[in-house]
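Student: Sharing model20.cif below, mmCIF, C-alpha atoms:
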```
data_final
#
loop_
_atom_site.label_atom_id
_atom_site.label_comp_id
_atom_site.auth_asym_id
_atom_site.auth_seq_id
_atom_site.Cartn_x
_atom_site.Cartn_y
_atom_site.Cartn_z
CA MET A 248 -4.09 10.61 3.76
CA LYS A 249 -0.86 10.25 1.87
CA GLU A 250 1.65 7.78 3.20
CA THR A 251 3.85 10.68 4.15
CA TRP A 252 1.74 10.62 7.32
CA ASN A 253 1.55 6.92 8.03
CA THR A 254 2.93 5.18 11.06
CA VAL A 255 2.33 1.50 10.39
CA ARG A 256 3.34 -1.84 11.85
CA TRP A 257 5.25 -4.57 10.03
CA MET A 258 4.69 -8.06 11.43
CA GLY A 259 3.83 -6.55 14.82
CA ALA A 260 6.85 -4.22 15.03
CA PRO A 261 6.24 -0.45 14.83
CA ARG A 262 7.89 1.41 11.99
CA LYS A 263 7.42 4.78 10.37
CA SER A 264 6.11 4.87 6.79
CA LEU A 265 6.21 7.75 4.34
CA GLY A 266 4.12 7.73 1.20
CA GLY A 267 3.07 8.21 -9.69
CA ILE A 268 4.76 7.26 -12.42
CA LEU A 269 6.75 4.06 -12.55
CA MET A 270 10.38 4.87 -11.91
CA LEU A 271 11.64 4.93 -15.47
CA CYS A 272 14.28 7.48 -14.57
CA THR A 273 16.05 8.95 -11.56
CA PHE A 274 15.33 12.52 -10.55
CA PHE A 275 18.06 14.63 -9.04
CA ILE A 276 18.18 18.19 -7.73
CA PRO A 277 21.71 19.59 -8.01
CA GLY A 278 23.29 21.49 -5.17
CA GLY A 279 22.17 22.08 -1.60
CA THR A 280 19.45 24.35 -0.28
CA ALA A 281 21.60 25.94 2.44
CA VAL A 282 23.70 27.99 0.00
CA ARG A 283 20.90 29.08 -2.31
CA ALA A 284 19.76 32.71 -2.20
CA GLN A 285 16.11 33.52 -2.70
CA ASP A 286 15.63 34.53 -6.32
CA GLU A 287 12.56 36.53 -7.32
CA LYS A 288 12.48 35.15 -10.86
CA SER A 289 12.73 31.59 -9.57
CA GLU A 290 9.93 32.18 -7.07
CA SER A 291 7.71 33.77 -9.70
CA LYS A 292 8.14 30.78 -12.01
CA ALA A 293 7.62 28.38 -9.09
CA ARG A 294 4.33 30.07 -8.20
CA ALA A 295 3.18 29.84 -11.82
CA VAL A 296 3.91 26.11 -11.86
CA ILE A 297 2.07 25.63 -8.55
CA ALA A 298 -0.94 27.64 -9.75
CA ALA A 299 -1.16 25.53 -12.92
CA SER A 300 -0.96 22.34 -10.87
CA ILE A 301 -3.67 23.43 -8.43
CA GLU A 302 -5.89 24.31 -11.39
CA ALA A 303 -5.20 20.89 -12.97
CA MET A 304 -6.23 19.19 -9.72
CA GLY A 305 -9.51 21.07 -9.49
CA GLY A 306 -8.75 24.67 -8.53
CA GLU A 307 -10.97 25.97 -5.73
CA VAL A 308 -12.67 22.58 -5.42
CA TYR A 309 -9.30 21.01 -4.63
CA LEU A 310 -8.34 23.80 -2.23
CA ASN A 311 -11.62 23.47 -0.31
CA VAL A 312 -11.11 19.80 0.56
CA ASN A 313 -10.78 19.28 4.32
CA GLN A 314 -11.95 15.68 4.83
CA VAL A 315 -11.11 12.57 2.83
CA VAL A 316 -12.21 8.97 3.30
CA SER A 317 -10.70 6.21 1.17
CA HIS A 318 -10.16 2.46 1.10
CA GLY A 319 -8.35 -0.06 -1.04
CA ARG A 320 -5.31 -2.34 -1.12
CA TYR A 321 -2.05 -1.76 0.75
CA PHE A 322 1.29 -3.52 0.16
CA ALA A 323 4.37 -3.16 2.36
CA PHE A 324 7.86 -4.31 1.41
CA ARG A 325 10.73 -4.99 3.78
CA LYS A 326 13.92 -7.00 3.37
CA GLY A 327 12.59 -8.89 0.37
CA ARG A 328 9.26 -9.69 2.01
CA LYS A 329 5.86 -8.42 0.92
CA ALA A 330 2.78 -7.99 3.11
CA PHE A 331 -0.78 -7.24 1.95
CA ALA A 332 -3.80 -5.80 3.74
CA ARG A 333 -7.04 -4.01 2.98
CA PHE A 334 -6.95 -0.45 4.30
CA HIS A 335 -9.35 2.32 5.31
CA ASP A 336 -8.18 5.91 5.72
CA TRP A 337 -10.03 8.80 7.39
CA THR A 338 -8.34 12.21 7.20
CA GLU A 339 -9.08 15.76 8.32
CA TYR A 340 -6.58 18.45 7.33
CA ASP A 341 -7.42 21.40 9.57
CA PRO A 342 -6.71 20.63 12.32
CA VAL A 343 -4.86 17.48 11.33
CA LYS A 344 -6.59 14.28 12.40
CA TRP A 345 -5.95 10.88 10.87
CA ARG A 346 -7.19 7.33 11.33
CA PHE A 347 -5.66 4.45 9.37
CA GLN A 348 -6.93 0.89 9.59
CA ARG A 349 -5.42 -2.28 8.13
CA GLY A 350 -7.41 -5.48 8.27
CA LYS A 351 -10.64 -5.79 10.22
CA GLY A 352 -12.20 -7.36 13.27
CA LYS A 353 -9.86 -9.26 15.56
CA HIS A 354 -7.09 -8.99 12.95
CA GLN A 355 -7.24 -5.21 12.53
CA ASN A 356 -4.59 -2.65 13.34
CA VAL A 357 -5.87 0.90 13.75
CA GLN A 358 -3.73 3.96 14.33
CA ILE A 359 -5.21 7.33 15.27
CA PHE A 360 -3.42 10.68 15.39
CA ASN A 361 -5.22 13.79 16.64
CA LEU A 362 -2.95 16.83 16.48
CA GLU A 363 -5.69 19.06 17.88
CA LEU A 364 -5.36 17.09 21.12
CA GLY A 365 -1.68 16.25 20.64
CA LYS A 366 -2.45 12.56 21.24
CA ALA A 367 -2.43 9.27 19.34
CA TRP A 368 -3.43 5.65 19.94
CA THR A 369 -3.11 2.18 18.48
CA LEU A 370 -5.99 -0.30 18.52
CA GLU A 371 -5.01 -3.94 17.99
CA GLY A 372 -7.89 -6.26 17.23
CA LYS A 373 -11.02 -5.22 19.07
CA ASP A 374 -9.86 -4.91 22.65
CA TYR A 375 -6.25 -3.72 23.03
CA VAL A 376 -5.59 0.05 23.08
CA GLU A 377 -2.15 1.58 23.58
CA ASP A 378 -1.02 5.22 23.72
CA ILE A 379 1.44 6.19 21.01
CA PRO A 380 4.52 7.86 22.57
CA GLU A 381 4.78 11.63 22.53
CA GLU A 382 7.96 11.57 20.44
CA VAL A 383 6.13 9.63 17.71
CA VAL A 384 3.27 12.14 17.80
CA GLN A 385 5.75 14.99 17.36
CA ASP A 386 7.46 13.13 14.51
CA PHE A 387 4.05 12.71 12.88
CA ARG A 388 3.40 16.45 13.34
CA ARG A 389 6.67 17.31 11.60
CA SER A 390 6.01 14.84 8.77
CA SER A 391 2.49 16.13 8.22
CA LYS A 392 3.86 19.59 7.47
CA LYS A 393 5.54 18.13 4.39
CA ASP A 394 2.43 16.43 3.05
CA ILE A 395 1.85 17.79 -0.46
CA ASP A 396 -1.81 18.66 0.22
CA ILE A 397 -0.93 20.49 3.44
CA ILE A 398 1.80 22.39 1.60
CA LEU A 399 -0.48 23.43 -1.28
CA ARG A 400 -3.64 24.12 0.73
CA LYS A 401 -2.29 25.55 3.98
CA ARG A 402 1.40 26.46 3.87
CA LEU A 403 2.06 27.96 0.44
CA ASN A 404 1.93 31.56 1.68
CA GLU A 405 3.31 30.85 5.13
CA GLU A 406 5.77 33.43 6.46
CA GLY A 407 9.31 32.26 5.80
CA MET A 408 8.34 29.82 3.03
CA ASN A 409 10.77 30.13 0.10
CA LEU A 410 10.13 28.64 -3.35
CA TYR A 411 12.74 27.58 -5.91
CA TYR A 412 12.04 26.53 -9.49
CA TYR A 413 13.97 23.87 -11.43
CA ALA A 414 13.44 23.65 -15.20
CA PRO A 415 13.37 20.31 -17.04
CA ASP A 416 17.03 20.83 -18.03
CA ASP A 417 17.91 21.11 -14.32
CA VAL A 418 16.16 17.85 -13.45
CA SER A 419 17.87 14.75 -14.79
CA GLY A 420 15.38 12.33 -16.33
CA THR A 421 13.18 12.32 -19.42
CA GLY A 422 12.98 16.10 -19.80
CA ASP A 423 9.20 16.31 -19.33
CA VAL A 424 9.33 17.04 -15.59
CA GLU A 425 9.97 20.33 -13.77
CA ALA A 426 10.27 20.82 -10.02
CA VAL A 427 9.58 23.24 -7.19
CA GLU A 428 11.35 23.15 -3.86
CA PHE A 429 9.50 24.37 -0.77
CA LEU A 430 11.94 25.52 1.91
CA ASP A 431 10.40 26.74 5.16
CA SER A 432 11.78 28.96 7.93
CA THR A 433 13.23 25.94 9.75
CA ASN A 434 15.22 24.96 6.62
CA ASP A 435 12.99 21.91 6.13
CA SER A 436 12.57 21.05 2.45
CA LEU A 437 10.07 19.31 0.19
CA VAL A 438 10.66 18.98 -3.56
CA VAL A 439 7.62 18.39 -5.80
CA PHE A 440 8.05 17.23 -9.40
CA PHE A 441 5.38 18.23 -11.94
CA ASP A 442 4.55 16.87 -15.39
CA THR A 443 5.12 19.74 -17.84
CA LYS A 444 2.17 18.69 -20.02
CA THR A 445 -0.54 17.78 -17.50
CA HIS A 446 0.83 20.02 -14.68
CA LEU A 447 -0.02 17.25 -12.21
CA PRO A 448 2.47 16.34 -9.47
CA VAL A 449 4.21 13.06 -10.25
CA LYS A 450 6.52 12.77 -7.25
CA THR A 451 7.62 14.31 -3.98
CA GLU A 452 11.06 14.00 -2.44
CA THR A 453 12.21 14.76 1.07
CA HIS A 454 14.89 13.67 3.54
CA HIS A 455 14.98 12.75 7.19
CA THR A 456 17.67 11.81 9.68
CA ASP A 457 17.02 8.73 11.79
CA GLY A 458 17.78 8.22 15.48
CA VAL A 459 21.39 7.27 14.85
CA GLY A 460 22.11 10.23 12.57
CA VAL A 461 21.80 8.50 9.18
CA ARG A 462 20.15 10.62 6.47
CA HIS A 463 17.53 8.92 4.28
CA LYS A 464 15.83 9.97 1.06
CA GLN A 465 12.08 9.40 0.87
CA GLU A 466 10.09 9.59 -2.36
CA GLN A 467 6.40 9.22 -3.11
CA GLU A 468 5.06 8.85 -6.64
CA PHE A 469 1.50 9.47 -7.84
CA SER A 470 -0.31 7.90 -10.80
CA ASN A 471 -3.62 6.58 -12.15
CA TRP A 472 -5.37 9.95 -11.99
CA HIS A 473 -9.18 10.17 -12.00
CA VAL A 474 -11.58 13.07 -11.44
CA ILE A 475 -13.64 12.48 -8.27
CA GLN A 476 -16.15 15.10 -7.15
CA GLY A 477 -14.34 17.66 -9.29
CA VAL A 478 -10.89 16.85 -7.88
CA ASN A 479 -8.23 15.21 -10.06
CA THR A 480 -7.04 12.40 -7.79
CA PRO A 481 -4.13 9.91 -7.93
CA LEU A 482 -5.41 6.44 -7.09
CA ARG A 483 -1.97 4.87 -6.87
CA HIS A 484 0.79 5.87 -4.46
CA ASP A 485 4.27 4.29 -4.54
CA ARG A 486 6.71 5.03 -1.71
CA TYR A 487 10.48 4.57 -1.90
CA VAL A 488 13.13 4.86 0.82
CA ASP A 489 16.73 5.26 -0.32
CA GLY A 490 15.70 4.16 -3.80
CA GLU A 491 13.99 0.91 -2.75
CA ILE A 492 10.25 0.27 -2.88
CA ALA A 493 8.75 0.44 0.63
CA SER A 494 4.99 0.43 0.07
CA GLN A 495 2.20 0.77 -2.47
CA ARG A 496 -1.34 1.96 -1.98
CA PHE A 497 -4.12 1.35 -4.53
CA ILE A 498 -7.25 3.38 -3.78
CA GLU A 499 -10.48 1.70 -4.86
CA GLU A 500 -12.99 4.20 -3.49
CA LEU A 501 -12.61 7.77 -2.22
CA THR A 502 -14.99 10.49 -0.98
CA TYR A 503 -14.20 14.15 -0.44
CA ASN A 504 -15.63 16.20 2.44
CA PRO A 505 -17.84 13.52 3.99
CA THR A 506 -19.03 13.77 7.58
CA ILE A 507 -16.60 11.79 9.73
CA PRO A 508 -17.80 10.84 13.24
CA LYS A 509 -15.92 12.79 15.91
CA GLU A 510 -15.16 9.61 17.86
CA TYR A 511 -13.11 8.24 14.94
CA PHE A 512 -10.31 10.57 16.04
CA GLU A 513 -10.64 9.96 19.78
CA GLU A 514 -9.21 7.29 22.05
CA PRO A 515 -10.91 4.00 21.13
CA VAL A 516 -13.39 2.66 23.66
CA VAL A 517 -13.34 -1.12 23.85
CA SER A 518 -16.12 -3.27 25.17
CA GLU A 519 -15.47 -5.55 28.13
CA ASP A 520 -17.90 -8.04 26.65
CA ASP A 521 -16.62 -10.92 24.54
#
```
Just give me the structure of the file as structure tokens.
Tutor:
Amino acid sequence: MKETWNTVRWMGAPRKSLGGILMLCTFFIPGGTAVRAQDEKSESKARAVIAASIEAMGGEVYLNVNQVVSHGRYFAFRKGRKAFARFHDWTEYDPVKWRFQRGKGKHQNVQIFNLELGKAWTLEGKDYVEDIPEEVVQDFRRSSKKDIDIILRKRLNEEGMNLYYYAPDDVSGTGDVEAVEFLDSTNDSLVVFFDTKTHLPVKTETHHTDGVGVRHKQEQEFSNWHVIQGVNTPLRHDRYVDGEIASQRFIEELTYNPTIPKEYFEEPVVSEDD
């Protein structure tokens, strides 16, 4: 699952993590969404861009993905420090279930979110399980709605979803990127930037307000695309918060629509034996 969905720990302290091209330029969408009127021409162009992107990523094969398993290398950055871990990711999209593991054995940290049950847990090492608070589960639920794959596969035709197109001239940068903003009925927004030549998404941008009322910009970039099981897949994900690098994920192996054991998304059962 994209890092848009991750809740990870840094040096033992819980923190929320949101998951391209290297940042050779700065993208900017002019104006605010609140004052924009829905424009039929803009929506028509936006839908054409989205359709081309879905086709570039595999068309119906891409749309029919519901399970993903991947593993690779994960780097987290905070206050000038860098942490590294091997990761494994198990994802189901409908209903949303997600298991993310860093490290292994007695050094592992596993986080499980099951939105079908409305519950989540953390497993530290092999024998310590803790419930994740309800407010974090609800935050995860809200964040998952802005995951690019959820948007494209499940929410594109949702009632109240408005689409706005931005041409390359409207997006400051190199001129080879166009953008579509997805604005839902709750006024929650996700902007996706697309390469005008390949039609692949190169970046997403969203905002969130933290517990003390400070608004933050979150960006996730996608790069190193490879076709896997008929799906064009980015194997590198770079996440930025307020313009600073926050994490990187390098996928080394990925499988679409495998059978994932049901218990992977349930409360971990630890053995009382040593």
Student: Please write as a PyMOL selection string the full residue list that the PyMOL selection byres ((chain A and resi 430) around 9) yields on this file.
Tutor: chain A and resi 280+407-411+428-429+431-438
Student: Skipping near chain neighbours, those fewer than 2 positions away, what residues fall within 12 Å of Gln358 (chain A) using all atoms listed in the file, listed as a VMD selection string?
Tutor: chain A and resid 252 to 256 261 263 334 to 338 344 to 350 355 to 356 360 to 361 366 to 372 375 to 379 383 to 384 387 511 to 515
Student: With the PyMOL selection byres ((chain A and resi 318) around 9) as the selection, what would be picked from this file? Answer as a PyMOL selection string, please.
Tutor: chain A and resi 316-317+319-320+333-337+497-501
Student: For a quick check of understanding, using all atoms listed in the file, which of A:Val488, A:Leu447, A:Leu403, A:Val296 has the smallest distance to Trp472 (chain A)?
Tutor: A:Leu447
Student: Rounded to one decimal in Å, what is the spacing between CA of Leu399 (chain A) and CA of Val312 (chain A)?
Tutor: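 Going from CA of Leu399 (chain A) over to CA of Val312 (chain A), I get 11.4 Å.
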Student: How many Å lie between CA of Thr480 (chain A) and CA of Lys450 (chain A), rounded to one decimal?
Tutor: 13.6 Å
Student: For a test of reading the model, state the distance in Å between CA of Gly327 (chain A) and CA of Tyr487 (chain A), rounded to one decimal.
Tutor: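 Interatomic distance, CA of Gly327 (chain A) to CA of Tyr487 (chain A): 13.8 Å.
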Student: Step by step, work through what the PyMOL selection byres ((chain A and resi 331) around 9) selects in the shown file, and finish by giving those residues as JSON, numbers by chain.
Tutor: {"A": [320, 321, 322, 323, 329, 330, 332, 333]}
Student: For the selection you just gave me, I'd like the residues written to a file as a short mmCIF file (atom, residue, chain, number, x, y, z; two decimals), keeping the file's coordinate frame, keeping C-alpha atoms.
Tutor:
```cif
data_model
loop_
_atom_site.label_atom_id
_atom_site.label_comp_id
_atom_site.auth_asym_id
_atom_site.auth_seq_id
_atom_site.Cartn_x
_atom_site.Cartn_y
_atom_site.Cartn_z
CA ARG A 320 -5.31 -2.34 -1.12
CA TYR A 321 -2.05 -1.76 0.75
CA PHE A 322 1.29 -3.52 0.16
CA ALA A 323 4.37 -3.16 2.36
CA LYS A 329 5.86 -8.42 0.92
CA ALA A 330 2.78 -7.99 3.11
CA ALA A 332 -3.80 -5.80 3.74
CA ARG A 333 -7.04 -4.01 2.98
#
```
Student: Taking all atoms listed in the file into account, name the residue in A:Ile395, A:Ile301, A:Val516, A:Ala414 that is nearest to Gln467 (chain A).
Tutor: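 Comparing A:Ile395, A:Ile301, A:Val516, A:Ala414 against Gln467 (chain A), the winner is A:Ile395.
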Student: Could you give me, as a PyMOL selection string, the residues within 9 Å of Val449 (chain A), counting only C-alpha atoms and dropping anything in the same chain fewer than 4 positions from it?
Tutor: chain A and resi 267-268+424+439-442+467-470
